Structure formats: structure tokens, C-alpha cells
Amino acid sequence: MESGPAIFTGAVFALFGAALLGWVAYRTRHREPVALGVGRTASAALATLAALASLAAGAWCLTTL
């Protein structure tokens, strides 16, 4: 019964993390700002950390089934 919400939550975290990581990679590769008003390096690093944290949370949710 509890596996349904864990699968949904894990999938949402994993999809969000993958999309954010891809978006940051695309913006960085084209030398465009990741966030307006913030340095390129700082915003790319912070967004990458958020993406990796989201992927880790998704993996944790999916492995606790």
C-alpha cells in the first residue's frame, strides 16, 4: 500500500533532477546565464547541486520500496 506514493515521489524527484541537470548543462554549454543577476559559476554550481540532490532523493525513494 505504501509503495505507490514512494514510486510516484521517486519518479517526480528523478525526472525533476534529470531535467534540471540537462537544462543547466545546455545553458552552460551555450555560455548563457543559468540565473539572472547571479554569477555564471555560482548559479551553475548551485543548480547542479540541487539537481544532484533531487536525483539522490529520487533514488532513495525508489530503493526503499
# chains A, B, ... in the order shown; residues from 1 in each chain; ligands from 1

$ select_by_dssp --residues "chain A" --states "helix (DSSP H, G or I)" --output "MDAnalysis selection string"
chainID A and resid 3:29 40:63

$ residues_around --residues "A:Gly4" --least-positions-apart "5" --cutoff "12 Å" --atoms "only C-alpha atoms" --output "compact mmCIF listing (two decimals) with all heavy atoms, in the first residue's frame"
# COMPACT_ATOMS: atom_id res chain seq x y z
N THR A 9 6.68 9.63 -5.85
CA THR A 9 7.62 10.64 -5.34
C THR A 9 9.00 10.43 -5.92
O THR A 9 9.67 11.40 -6.33
CB THR A 9 7.67 10.59 -3.80
OG1 THR A 9 6.35 10.74 -3.29
CG2 THR A 9 8.57 11.67 -3.25
N GLY A 10 9.47 9.20 -5.96
CA GLY A 10 10.78 8.91 -6.53
C GLY A 10 10.85 9.28 -8.00
O GLY A 10 11.85 9.84 -8.47
N ALA A 11 9.79 9.00 -8.74
CA ALA A 11 9.77 9.34 -10.16
C ALA A 11 9.77 10.85 -10.37
O ALA A 11 10.46 11.37 -11.26
CB ALA A 11 8.55 8.72 -10.83
N CYS A 61 14.12 7.25 -2.63
CA CYS A 61 12.69 6.87 -2.58
C CYS A 61 12.44 5.55 -3.31
O CYS A 61 11.64 4.73 -2.86
CB CYS A 61 11.82 7.96 -3.18
SG CYS A 61 11.65 9.42 -2.16
N LEU A 62 13.09 5.38 -4.43
CA LEU A 62 12.85 4.18 -5.23
C LEU A 62 13.53 2.94 -4.65
O LEU A 62 13.09 1.82 -4.91
CB LEU A 62 13.29 4.40 -6.68
CG LEU A 62 12.44 5.41 -7.45
CD1 LEU A 62 13.04 5.70 -8.81
CD2 LEU A 62 11.01 4.92 -7.60
N THR A 64 13.77 2.36 -1.37
CA THR A 64 13.16 2.00 -0.08
C THR A 64 11.86 1.24 -0.26
O THR A 64 11.07 1.14 0.67
CB THR A 64 12.91 3.25 0.77
OG1 THR A 64 12.05 4.12 0.05
CG2 THR A 64 14.20 3.94 1.14
N LEU A 65 11.62 0.74 -1.45
CA LEU A 65 10.36 0.01 -1.68
C LEU A 65 10.39 -1.30 -1.00
O LEU A 65 10.67 -2.19 -0.77
CB LEU A 65 10.11 -0.14 -3.17
CG LEU A 65 9.91 1.14 -3.91
CD1 LEU A 65 9.76 0.87 -5.41
CD2 LEU A 65 8.67 1.85 -3.43

$ residues_around --residues "A:Ala51" --least-positions-apart "2" --cutoff "10 Å" --atoms "only C-alpha atoms" --output "list in words"
Phe13, Ala14, Leu15, Phe16, Gly17, Ala18, Ala19, Leu20, Leu21, Gly22, Trp23, Val24, Ala45, Leu46, Ala47, Thr48, Leu49, Ala53, Ser54, Leu55, Ala56 and Ala57 of chain A

$ atom_distance --atom1 "atom CA of A:Val12" --atom2 "atom CA of A:Trp60"
12.2 Å

$ atom_distance --atom1 "atom CA of A:Ser43" --atom2 "atom CA of A:Gly58"
22.4 Å

$ atom_distance --atom1 "atom CA of A:Arg29" --atom2 "atom CA of A:Ala59"
26.6 Å
